[in-house]
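The file entry10.txt comes next; it holds compact mmCIF, C-alpha atoms.
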# COMPACT_ATOMS: atom_id res chain seq x y z
CA MET N 1 50.81 37.04 -71.27
CA THR N 2 48.88 35.73 -68.35
CA LYS N 3 45.80 33.61 -69.04
CA GLN N 4 42.81 34.75 -67.08
CA GLN N 5 40.05 32.42 -65.69
CA PRO N 6 36.40 33.40 -65.92
CA SER N 7 35.08 34.61 -62.59
CA HIS N 8 31.67 33.75 -61.08
CA ALA N 9 29.91 35.95 -58.64
CA SER N 10 29.06 34.03 -55.39
CA ARG N 11 25.47 33.99 -54.18
CA ALA N 12 24.21 33.67 -50.63
CA PRO N 13 22.07 30.52 -50.07
CA ALA N 14 18.34 31.12 -50.27
CA ARG N 15 16.65 31.34 -46.89
CA GLN N 16 13.20 29.83 -46.08
CA ARG N 17 11.01 32.70 -45.05
CA GLY N 18 7.85 30.67 -43.97
CA LEU N 19 5.49 27.76 -44.69
CA THR N 20 3.00 27.57 -47.40
CA LEU N 21 -0.60 26.87 -46.45
CA VAL N 22 -0.34 23.37 -47.92
CA GLU N 23 2.74 22.56 -45.87
CA PHE N 24 1.11 23.90 -42.74
CA MET N 25 -2.03 21.80 -43.26
CA ILE N 26 0.04 18.69 -43.90
CA SER N 27 2.01 19.20 -40.67
CA VAL N 28 -1.21 19.72 -38.69
CA VAL N 29 -2.70 16.52 -40.11
CA LEU N 30 0.45 14.54 -39.33
CA GLY N 31 0.47 15.91 -35.78
CA MET N 32 -3.18 15.00 -35.28
CA ILE N 33 -2.50 11.46 -36.51
CA MET N 34 0.39 11.11 -34.08
CA VAL N 35 -1.71 12.46 -31.18
CA ALA N 36 -4.61 10.13 -32.08
CA ALA N 37 -2.28 7.14 -32.26
CA LEU N 38 -0.76 8.05 -28.92
CA ALA N 39 -4.19 8.54 -27.32
CA THR N 40 -5.36 5.19 -28.71
CA LEU N 41 -2.26 3.50 -27.33
CA ILE N 42 -2.79 5.02 -23.88
CA ALA N 43 -6.50 4.12 -23.92
CA ASP N 44 -5.75 0.52 -24.95
CA GLN N 45 -3.14 0.21 -22.22
CA SER N 46 -5.60 1.60 -19.67
CA ASN N 47 -8.37 -0.77 -20.81
CA ASN N 48 -6.00 -3.73 -20.82
CA GLY N 49 -4.78 -2.82 -17.37
CA ALA N 50 -8.36 -2.56 -16.09
CA GLU N 51 -9.23 -5.92 -17.68
CA VAL N 52 -6.20 -7.59 -16.13
CA GLU N 53 -7.21 -6.14 -12.77
CA ARG N 54 -10.80 -7.40 -13.18
CA ASN N 55 -9.58 -10.86 -14.13
CA GLY N 56 -7.16 -10.85 -11.21
CA ARG N 57 -9.92 -10.02 -8.74
CA LEU N 58 -12.17 -12.66 -10.32
CA ILE N 59 -9.50 -15.36 -10.03
CA GLU N 60 -8.58 -14.31 -6.49
CA ASN N 61 -12.22 -14.35 -5.34
CA GLY N 62 -12.66 -17.85 -6.73
CA ARG N 63 -9.40 -19.11 -5.28
CA TYR N 64 -10.11 -17.60 -1.86
CA SER N 65 -13.64 -19.02 -1.79
CA VAL N 66 -12.50 -22.53 -2.64
CA ARG N 67 -9.62 -22.35 -0.15
CA MET N 68 -11.92 -21.28 2.69
CA MET N 69 -14.36 -24.12 2.10
CA VAL N 70 -11.68 -26.75 1.44
CA ASP N 71 -9.84 -25.92 4.67
CA ASP N 72 -13.10 -26.35 6.60
CA LEU N 73 -14.12 -29.53 4.77
CA GLN N 74 -10.76 -31.12 5.55
CA MET N 75 -11.59 -30.72 9.25
CA ALA N 76 -15.15 -32.07 8.90
CA GLY N 77 -15.79 -34.90 11.35
CA TYR N 78 -12.84 -34.03 13.61
CA TRP N 79 -14.09 -34.55 17.17
CA GLY N 80 -10.95 -34.45 19.27
CA GLU N 81 -9.85 -37.81 20.59
CA LEU N 82 -12.96 -39.62 19.35
CA SER N 83 -11.96 -42.40 16.97
CA ASN N 84 -15.53 -43.49 16.24
CA THR N 85 -18.18 -40.84 15.72
CA PRO N 86 -21.51 -41.63 17.40
CA ALA N 87 -24.08 -42.92 14.94
CA TYR N 88 -26.82 -40.53 13.95
CA ALA N 89 -30.19 -41.86 15.10
CA GLY N 90 -32.54 -39.17 13.80
CA ALA N 91 -35.45 -39.94 11.49
CA ALA N 92 -34.61 -36.95 9.29
CA LEU N 93 -31.59 -34.77 8.60
CA PRO N 94 -30.65 -32.67 11.64
CA ASP N 95 -31.58 -29.01 11.68
CA PRO N 96 -28.35 -27.23 10.68
CA CYS N 97 -29.51 -24.07 12.50
CA THR N 98 -29.92 -25.59 15.95
CA THR N 99 -28.02 -23.91 18.79
CA THR N 100 -28.76 -26.54 21.44
CA GLY N 101 -25.75 -28.52 22.63
CA SER N 102 -27.60 -31.83 22.94
CA THR N 103 -29.05 -31.51 19.41
CA ILE N 104 -25.66 -30.62 17.94
CA LYS N 105 -24.22 -33.61 19.80
CA ASP N 106 -26.82 -35.86 18.19
CA ALA N 107 -25.79 -34.51 14.77
CA MET N 108 -22.09 -35.34 15.22
CA GLY N 109 -22.49 -38.40 12.99
CA ILE N 110 -23.32 -36.22 9.98
CA HIS N 111 -20.17 -34.15 9.59
CA VAL N 112 -21.11 -32.87 6.12
CA GLN N 113 -24.63 -32.00 5.07
CA ALA N 114 -25.66 -30.36 1.81
CA TYR N 115 -28.79 -29.22 0.01
CA ASP N 116 -29.87 -28.70 -3.55
CA TRP N 117 -31.56 -25.29 -3.50
CA PRO N 118 -33.88 -25.52 -6.51
CA SER N 119 -35.23 -22.71 -8.62
CA THR N 120 -38.92 -22.12 -9.02
CA THR N 121 -38.31 -22.14 -12.77
CA ALA N 122 -35.97 -24.33 -14.77
CA THR N 123 -32.63 -22.68 -15.58
CA THR N 124 -29.97 -24.23 -17.79
CA GLY N 125 -26.92 -25.22 -15.75
CA TYR N 126 -28.70 -24.95 -12.41
CA ASN N 127 -30.70 -27.29 -10.22
CA ALA N 128 -34.14 -28.59 -11.04
CA THR N 129 -37.35 -26.85 -10.07
CA GLY N 130 -38.92 -27.54 -6.71
CA THR N 131 -39.40 -26.28 -3.18
CA ALA N 132 -36.39 -24.91 -1.33
CA PRO N 133 -35.53 -26.60 2.00
CA THR N 134 -36.07 -24.86 5.32
CA VAL N 135 -32.81 -23.53 6.74
CA SER N 136 -33.92 -20.76 9.07
CA CYS N 137 -30.53 -19.22 9.91
CA ILE N 138 -29.72 -18.20 6.32
CA SER N 139 -31.68 -16.02 3.91
CA ASN N 140 -31.72 -14.78 0.33
CA VAL N 141 -30.13 -17.98 -0.97
CA LYS N 142 -29.65 -17.65 -4.73
CA PRO N 143 -32.05 -20.09 -6.41
CA GLY N 144 -30.37 -22.96 -8.22
CA THR N 145 -27.26 -23.02 -6.04
CA ASP N 146 -26.21 -25.54 -3.38
CA VAL N 147 -25.77 -25.13 0.37
CA ILE N 148 -23.19 -27.07 2.40
CA VAL N 149 -22.96 -27.54 6.18
CA VAL N 150 -19.72 -28.50 7.94
CA ARG N 151 -19.42 -29.73 11.55
CA HIS N 152 -16.25 -30.37 13.58
CA ALA N 153 -14.42 -29.48 16.77
CA ASP N 154 -12.00 -26.55 16.80
CA PRO N 155 -8.42 -27.90 16.79
CA ASP N 156 -7.12 -24.67 18.38
CA VAL N 157 -7.77 -24.79 22.12
CA SER N 158 -5.21 -22.18 23.19
CA ALA N 159 -7.91 -19.62 24.08
CA LEU N 160 -9.46 -22.06 26.57
CA GLU N 161 -6.32 -23.30 28.33
CA THR N 162 -3.68 -22.19 30.78
CA ALA N 163 -0.37 -24.07 30.99
CA GLY N 164 -1.74 -26.79 28.70
CA ALA N 165 -4.82 -27.57 30.78
CA PRO N 166 -8.43 -26.38 30.42
CA ASP N 167 -9.09 -23.15 32.31
CA MET N 168 -12.73 -23.08 33.37
CA ASN N 169 -12.60 -19.33 33.86
CA LYS N 170 -11.68 -18.95 30.19
CA VAL N 171 -14.43 -21.40 29.29
CA ALA N 172 -16.80 -19.23 31.31
CA ALA N 173 -15.71 -16.19 29.31
CA ALA N 174 -17.10 -17.99 26.24
CA ALA N 175 -20.42 -18.69 27.95
CA GLY N 176 -23.09 -19.88 25.55
CA SER N 177 -20.63 -21.48 23.14
CA VAL N 178 -21.20 -25.18 22.59
CA MET N 179 -18.15 -27.06 23.88
CA LEU N 180 -16.95 -30.64 23.42
CA GLN N 181 -14.87 -32.60 25.91
CA THR N 182 -13.52 -36.09 25.21
CA GLY N 183 -11.71 -38.11 27.85
CA LEU N 184 -11.99 -40.66 30.68
CA ILE N 185 -14.46 -40.88 33.52
CA ALA N 186 -12.13 -40.91 36.54
CA ALA N 187 -14.21 -43.38 38.57
CA THR N 188 -14.64 -46.02 35.86
CA GLN N 189 -11.78 -45.12 33.49
CA ASN N 190 -14.24 -45.48 30.61
CA PHE N 191 -13.78 -43.25 27.57
CA HIS N 192 -16.60 -40.77 27.15
CA HIS N 193 -17.51 -37.50 25.45
CA GLU N 194 -19.73 -34.62 26.46
CA MET N 195 -21.08 -31.63 24.51
CA VAL N 196 -22.88 -28.81 26.31
CA ALA N 197 -23.05 -25.03 26.23
CA ALA N 198 -20.43 -23.33 28.40
CA SER N 199 -21.71 -21.70 31.56
CA ALA N 200 -20.82 -18.22 32.80
CA ALA N 201 -19.89 -19.84 36.13
CA ALA N 202 -16.49 -21.57 36.28
CA GLY N 203 -17.75 -23.99 38.93
CA THR N 204 -20.61 -25.12 36.73
CA ASN N 205 -18.18 -25.73 33.87
CA THR N 206 -15.99 -27.82 36.19
CA THR N 207 -19.03 -29.98 36.91
CA ASN N 208 -20.15 -30.18 33.28
CA PHE N 209 -16.67 -30.92 31.93
CA ALA N 210 -15.43 -33.44 34.46
CA LEU N 211 -13.60 -35.85 32.14
CA VAL N 212 -9.86 -36.39 32.66
CA LYS N 213 -6.80 -37.47 30.68
CA LYS N 214 -4.91 -40.76 31.05
CA ASP N 215 -3.33 -39.68 34.33
CA LEU N 216 -6.88 -39.57 35.75
CA THR N 217 -6.11 -36.16 37.24
CA THR N 218 -5.58 -33.58 34.51
CA PRO N 219 -8.87 -32.29 33.05
CA ALA N 220 -9.40 -33.46 29.49
CA THR N 221 -9.22 -30.97 26.63
CA VAL N 222 -12.28 -28.79 26.02
CA ARG N 223 -12.90 -27.73 22.45
CA LYS N 224 -15.30 -25.29 20.84
CA THR N 225 -17.81 -26.88 18.45
CA VAL N 226 -17.74 -25.42 14.94
CA VAL N 227 -20.78 -25.45 12.67
CA ARG N 228 -20.60 -23.44 9.44
CA ILE N 229 -23.04 -23.11 6.56
CA TYR N 230 -21.74 -21.96 3.17
CA TYR N 231 -24.17 -20.61 0.59
CA VAL N 232 -24.53 -18.10 -2.26
CA SER N 233 -26.65 -15.07 -1.42
CA SER N 234 -28.36 -13.05 -4.14
CA CYS N 235 -26.81 -9.86 -2.78
CA SER N 236 -23.74 -8.72 -0.90
CA VAL N 237 -25.37 -6.29 1.53
CA GLU N 238 -28.85 -7.00 2.83
CA VAL N 239 -31.30 -4.26 3.73
CA SER N 240 -33.55 -5.27 6.64
CA GLY N 241 -32.82 -8.90 5.82
CA SER N 242 -33.83 -8.49 2.18
CA CYS N 243 -31.99 -8.15 -1.13
CA ALA N 244 -34.56 -5.62 -2.35
CA GLY N 245 -32.82 -2.27 -2.76
CA ALA N 246 -29.49 -3.74 -1.67
CA ASP N 247 -26.09 -3.02 -3.22
CA ASN N 248 -27.30 0.35 -4.54
CA GLY N 249 -29.88 -1.33 -6.72
CA ASN N 250 -27.33 -3.65 -8.32
CA PRO N 251 -27.33 -6.84 -6.21
CA ILE N 252 -24.02 -8.71 -6.37
CA PRO N 253 -24.22 -12.49 -5.78
CA THR N 254 -21.92 -13.27 -2.88
CA LEU N 255 -20.57 -16.37 -1.17
CA LYS N 256 -21.53 -16.12 2.49
CA MET N 257 -20.96 -18.17 5.62
CA ALA N 258 -23.28 -18.49 8.60
CA GLU N 259 -21.34 -19.58 11.69
CA LEU N 260 -22.54 -20.84 15.05
CA SER N 261 -21.50 -18.10 17.46
CA VAL N 262 -22.49 -16.45 20.72
CA SER N 263 -23.48 -12.92 21.70
CA ALA N 264 -23.88 -11.82 25.33
CA GLY N 265 -23.96 -15.46 26.40
CA VAL N 266 -26.71 -16.39 23.93
CA PRO N 267 -25.84 -18.79 21.08
CA GLY N 268 -26.88 -17.71 17.61
CA TRP N 269 -25.66 -17.30 14.06
CA THR N 270 -23.29 -14.77 12.53
CA LYS N 271 -23.35 -14.17 8.78
CA VAL N 272 -20.12 -13.23 7.03
CA SER N 273 -19.65 -12.22 3.38
CA LEU N 274 -16.64 -14.10 2.04
CA ALA N 275 -16.35 -13.13 -1.63
CA GLU N 276 -18.45 -11.08 -4.03
CA GLY N 277 -19.18 -12.18 -7.58
CA ILE N 278 -19.76 -15.86 -6.75
CA GLU N 279 -22.57 -16.63 -9.16
CA ASN N 280 -23.09 -20.32 -8.43
CA LEU N 281 -21.94 -23.06 -6.05
CA GLN N 282 -22.52 -26.72 -6.83
CA VAL N 283 -21.54 -29.61 -4.58
CA SER N 284 -21.07 -33.26 -5.53
CA LEU N 285 -20.21 -35.92 -2.99
CA GLY N 286 -18.35 -39.20 -2.74
CA VAL N 287 -20.14 -41.81 -0.58
CA ASP N 288 -18.56 -44.91 0.95
CA SER N 289 -21.44 -47.35 0.55
CA ASP N 290 -19.58 -50.53 1.56
CA GLY N 291 -17.61 -49.31 4.60
CA ASP N 292 -14.14 -49.88 3.18
CA GLY N 293 -13.00 -46.30 3.80
CA ALA N 294 -13.08 -45.26 0.14
CA PRO N 295 -15.95 -43.62 -1.75
CA ASN N 296 -17.84 -45.89 -4.12
CA GLY N 297 -20.40 -43.47 -5.50
CA LEU N 298 -18.66 -40.38 -6.91
CA ASP N 299 -20.23 -37.13 -8.11
CA VAL N 300 -23.42 -37.77 -6.16
CA ALA N 301 -25.70 -34.74 -5.94
CA PRO N 302 -26.88 -33.76 -2.43
CA GLY N 303 -30.48 -34.52 -3.32
CA SER N 304 -29.52 -38.09 -4.18
CA VAL N 305 -27.83 -38.96 -0.85
CA THR N 306 -30.05 -41.02 1.44
CA LEU N 307 -30.36 -40.32 5.16
CA ALA N 308 -28.34 -43.46 5.92
CA GLY N 309 -25.70 -42.38 3.41
CA TRP N 310 -24.80 -39.00 4.93
CA PRO N 311 -22.52 -40.43 7.66
CA ASP N 312 -20.62 -42.24 4.86
CA VAL N 313 -19.77 -39.12 2.84
CA MET N 314 -16.01 -39.21 2.24
CA THR N 315 -15.38 -36.50 -0.35
CA ALA N 316 -16.93 -33.26 -1.53
CA LYS N 317 -16.24 -31.64 -4.91
CA LEU N 318 -16.96 -27.93 -5.15
CA THR N 319 -17.68 -26.15 -8.43
CA LEU N 320 -17.88 -22.35 -8.42
CA LEU N 321 -18.99 -19.97 -11.14
CA VAL N 322 -17.36 -16.59 -10.56
CA ARG N 323 -17.98 -13.32 -12.36
CA SER N 324 -16.43 -9.89 -12.19
CA ASN N 325 -18.31 -7.15 -10.38
CA GLU N 326 -17.58 -4.81 -13.30
CA ALA N 327 -18.66 -5.47 -16.88
CA SER N 328 -15.97 -5.62 -19.56
CA PRO N 329 -16.79 -3.00 -22.22
CA GLY N 330 -18.00 -4.56 -25.46
CA TYR N 331 -17.82 -8.14 -24.14
CA SER N 332 -20.74 -10.56 -24.20
CA ASP N 333 -20.27 -13.97 -22.58
CA THR N 334 -22.00 -16.69 -24.57
CA LYS N 335 -20.03 -19.62 -23.12
CA THR N 336 -21.60 -22.64 -21.44
CA TYR N 337 -19.96 -23.69 -18.18
CA SER N 338 -19.93 -27.21 -16.74
CA MET N 339 -21.06 -27.08 -13.13
CA GLY N 340 -20.19 -30.61 -12.11
CA THR N 341 -22.51 -33.50 -11.51
CA VAL N 342 -26.06 -34.17 -12.67
CA ASP N 343 -28.66 -33.98 -9.91
CA SER N 344 -31.50 -36.39 -9.25
CA ALA N 345 -33.87 -34.59 -11.63
CA GLY N 346 -31.51 -35.06 -14.53
CA THR N 347 -30.57 -31.44 -15.10
CA ASP N 348 -27.07 -30.09 -14.86
CA GLY N 349 -26.66 -29.34 -11.17
Let me see the structure of the file written as structure tokens.
Amino acid sequence: MTKQQPSHASRAPARQRGLTLVEFMISVVLGMIMVAALATLIADQSNNGAEVERNGRLIENGRYSVRMMVDDLQMAGYWGELSNTPAYAGAALPDPCTTTGSTIKDAMGIHVQAYDWPSTTATTGYNATGTAPTVSCISNVKPGTDVIVVRHADPDVSALETAGAPDMNKVAAAAGSVMLQTGLIAATQNFHHEMVAASAAAGTNTTNFALVKKDLTTPATVRKTVVRIYYVSSCSVEVSGSCAGADNGNPIPTLKMAELSVSAGVPGWTKVSLAEGIENLQVSLGVDSDGDGAPNGLDVAPGSVTLAGWPDVMTAKLTLLVRSNEASPGYSDTKTYSMGTVDSAGTDG
């Protein structure tokens, strides 16, 4: 007799026919959390990217500003083949805005010249109160900042020469520019220098720049005279010479340079904006008071340098305060920044 096993009827697996309301609400909430997290991540990345870009521009503006001024300061007092700069004989500091060749020649002995530009009210970290100096070729100087003037001859003479010798026709093309020539007087073989404004007539330039090289035949090198004034303006773009209404109502402090130039044969000054966001410029100087070729007084504020001490300035230390042109959301800067030396009034300058 065969033993039989109990049989079980097979059932088809149960199929899910939909979601309950609770399950649906839970999935919606989870999806919203994921979307919110993703949106927050993207927003943070965007904000971080914008902040990195702002900081990059800030650092680059500061670096570029310092590099421009340092390159110029390293050339200060270069007057071609002159080994001894003529002594300055003026009773007061020379007018940095002069365009007259003879006056610029007289100022050769003061290769660096700087000013404390005081505020009318005391401001922590800036210069003392007082009356601003008269420098007619610049305007809208930000109160409490410093101004620095640099004088030297242009080392690049290629635009004024042909085949390695001065071309008076090219000099004439730069008529009005103040030129320097250093060389020998052919008749006496004495070393001499001359600084005059170039004439539009080549023949006149030949007469004015008559010095020669050692062979007593080849005309001596003619160089353009460079005078530049660096300062912080209260705005980037001026409207009718004023900062009022400039920069779309949001004036941006800007490092600017006024350069001795020429237009249509008439010498004058050209203003150039170098970098926006430069909030403050402070200058401290090193003065060689004993003539040994090394500075004795370091970190001397411009207002503390005597008239006799300016020809002995050996070093210049620049301190810049740079800010971004765009505010960082939610950030408030409460830091105190050291701006270098202490000026003659005893406030941080």
- request: Excluding N:Asp154 and residues on its chain fewer than 3 positions from it, collect all residues at most 10 Å away from it, counting only C-alpha atoms, and give them as number ranges by chain.
  value: N: 75, 78-80, 151, 157, 179-180, 222-227
message: I'd like the neighbourhood of N:Pro267 as a PyMOL selection string, where a residue qualifies if any of its atoms comes within 10 Å (using all atoms listed in the file), though same-chain residues fewer than 3 positions away should be ignored.
response: chain N and resi 98-101+175-178+197+260-264+270
field: Minimum-distance residue to N:Ser284, chosen among N:Ile148, N:Leu93, N:Val322, N:Met168 (using only C-alpha atoms)
entry: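 Ranked by minimum distance to N:Ser284, first place goes to N:Ile148.
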message: Residues near N:Asn169, anyone? I mean within 9 Å using all atoms listed in the file, not counting same-chain ones fewer than 6 positions away, as a PyMOL selection string.
response: chain N and resi 160+200-203+205
Now that the selection is made, can you save its residues with C-alpha atoms as a CSV table (one decimal), keeping the file's coordinate frame?
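Once written, result.csv looks like this:
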chain,number,residue,atom,x,y,z
N,160,LEU,CA,-9.5,-22.1,26.6
N,200,ALA,CA,-20.8,-18.2,32.8
N,201,ALA,CA,-19.9,-19.8,36.1
N,202,ALA,CA,-16.5,-21.6,36.3
N,203,GLY,CA,-17.8,-24.0,38.9
N,205,ASN,CA,-18.2,-25.7,33.9
message: Measuring between all atoms listed in the file, which one of N:Ile104, N:Val196, N:Val29, N:Leu285 shows the shortest distance to N:Thr319?
response: N:Leu285
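For the choices N:Ala114, N:Leu184, N:Val232, N:Cys97, the atom-to-atom distance to N:Lys214 is smallest for N:Leu184 when using all atoms listed in the file.
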- request: Go through N:Ala165, N:Val171, N:Val149, N:Ala308 and flag the residue nearest N:Pro219, using only C-alpha atoms for the distances.
  value: N:Ala165
task: Grab the atom CA of N:Tyr230 to atom CA of N:Pro155 distance for me, in Å with one decimal place.
output: 20.0 Å
- request: Find, counting all atoms listed in the file, the residue in N:Gly90, N:Pro253, N:Gly144, N:Pro302 that gets nearest to N:Gly277.
  value: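 Of all the options, N:Pro253 lies closest to N:Gly277.
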- prompt: Within 12 Å of (-5.7, -37.4, 37.3), in the coordinates the file gives, what residues turn up when you count only C-alpha atoms, written out as number ranges by chain?
  reply: N: 165, 183-187, 189, 210-220
- prompt: Expressed in Å to a single decimal, how great is the separation between atom CA of N:Pro86 and atom CA of N:Met108?
  reply: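 If I compute the distance from atom CA of N:Pro86 to atom CA of N:Met108, I get 6.7 Å.
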query: Which residue, N:Ser236, N:Thr85, N:Ser338, N:Thr103, has the smallest gap to N:His152 when you use only C-alpha atoms?
result: N:Thr85
message: For a test of reading the model, state the distance in Å between atom CA of N:Met257 and atom CA of N:Leu321, rounded to one decimal.
response: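 We find that atom CA of N:Met257 and atom CA of N:Leu321 lie 17.0 Å from each other.
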Compile the contact shell of N:Val135 as a short mmCIF file (atom, residue, chain, number, x, y, z; two decimals) with C-alpha atoms, in the frame of the given file: residues with an atom at most 10 Å away, counting all atoms listed in the file, same-chain residues fewer than 5 positions apart removed.
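Generated file (result.cif):
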data_model
loop_
_atom_site.label_atom_id
_atom_site.label_comp_id
_atom_site.auth_asym_id
_atom_site.auth_seq_id
_atom_site.Cartn_x
_atom_site.Cartn_y
_atom_site.Cartn_z
CA ASP N 95 -31.58 -29.01 11.68
CA PRO N 96 -28.35 -27.23 10.68
CA CYS N 97 -29.51 -24.07 12.50
CA THR N 98 -29.92 -25.59 15.95
CA TYR N 115 -28.79 -29.22 0.01
CA VAL N 141 -30.13 -17.98 -0.97
CA VAL N 147 -25.77 -25.13 0.37
CA ILE N 229 -23.04 -23.11 6.56
#
- request: Could you please give me, as a PyMOL selection string, the residues of protein, DNA or RNA lying at most 10 Å from (-20.6, -7.2, -11.4) in the coordinate frame of the file, considering only C-alpha atoms?
  value: chain N and resi 54+250-253+276-279+322-328
Go ahead and save the picked residues with C-alpha atoms, as a PDB file, in the frame of the given file.
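Below you can see selection-v4.pdb, which holds the result:
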ATOM      1  CA  ARG N  54     -10.800  -7.400 -13.180  1.00  0.00           C
ATOM      2  CA  ASN N 250     -27.330  -3.650  -8.320  1.00  0.00           C
ATOM      3  CA  PRO N 251     -27.330  -6.840  -6.210  1.00  0.00           C
ATOM      4  CA  ILE N 252     -24.020  -8.710  -6.370  1.00  0.00           C
ATOM      5  CA  PRO N 253     -24.220 -12.490  -5.780  1.00  0.00           C
ATOM      6  CA  GLU N 276     -18.450 -11.080  -4.030  1.00  0.00           C
ATOM      7  CA  GLY N 277     -19.180 -12.180  -7.580  1.00  0.00           C
ATOM      8  CA  ILE N 278     -19.760 -15.860  -6.750  1.00  0.00           C
ATOM      9  CA  GLU N 279     -22.570 -16.630  -9.160  1.00  0.00           C
ATOM     10  CA  VAL N 322     -17.360 -16.590 -10.560  1.00  0.00           C
ATOM     11  CA  ARG N 323     -17.980 -13.320 -12.360  1.00  0.00           C
ATOM     12  CA  SER N 324     -16.430  -9.890 -12.190  1.00  0.00           C
ATOM     13  CA  ASN N 325     -18.310  -7.150 -10.380  1.00  0.00           C
ATOM     14  CA  GLU N 326     -17.580  -4.810 -13.300  1.00  0.00           C
ATOM     15  CA  ALA N 327     -18.660  -5.470 -16.880  1.00  0.00           C
ATOM     16  CA  SER N 328     -15.970  -5.620 -19.560  1.00  0.00           C
TER      17      SER N 328
END
Per residue of stretch 10-126 of chain N within 8 Å of stretch 310-313 of chain N, what are the shortest atom pair and its distance in Å to one decimal, counting all atoms listed in the file, with rows by chain and residue number, as JSON lines?
{"residue": "N:Ala87", "atom": "CA", "partner": "N:Pro311", "partner_atom": "CA", "distance": 7.9}
{"residue": "N:Tyr88", "atom": "CA", "partner": "N:Pro311", "partner_atom": "CA", "distance": 7.6}
{"residue": "N:Gly109", "atom": "CA", "partner": "N:Pro311", "partner_atom": "CA", "distance": 5.7}
{"residue": "N:Ile110", "atom": "CA", "partner": "N:Pro311", "partner_atom": "CA", "distance": 4.9}
{"residue": "N:His111", "atom": "CA", "partner": "N:Pro311", "partner_atom": "CA", "distance": 7.0}
{"residue": "N:Val112", "atom": "CA", "partner": "N:Val313", "partner_atom": "CA", "distance": 7.2}
{"residue": "N:Gln113", "atom": "CA", "partner": "N:Trp310", "partner_atom": "CA", "distance": 7.0}
Dump of C-alpha atoms for the selected residues, as a PDB file, in the frame of the given file:
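So the final result, stored in again.pdb, reads:
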ATOM      1  CA  ALA N  87     -24.080 -42.920  14.940  1.00  0.00           C
ATOM      2  CA  TYR N  88     -26.820 -40.530  13.950  1.00  0.00           C
ATOM      3  CA  GLY N 109     -22.490 -38.400  12.990  1.00  0.00           C
ATOM      4  CA  ILE N 110     -23.320 -36.220   9.980  1.00  0.00           C
ATOM      5  CA  HIS N 111     -20.170 -34.150   9.590  1.00  0.00           C
ATOM      6  CA  VAL N 112     -21.110 -32.870   6.120  1.00  0.00           C
ATOM      7  CA  GLN N 113     -24.630 -32.000   5.070  1.00  0.00           C
TER       8      GLN N 113
END
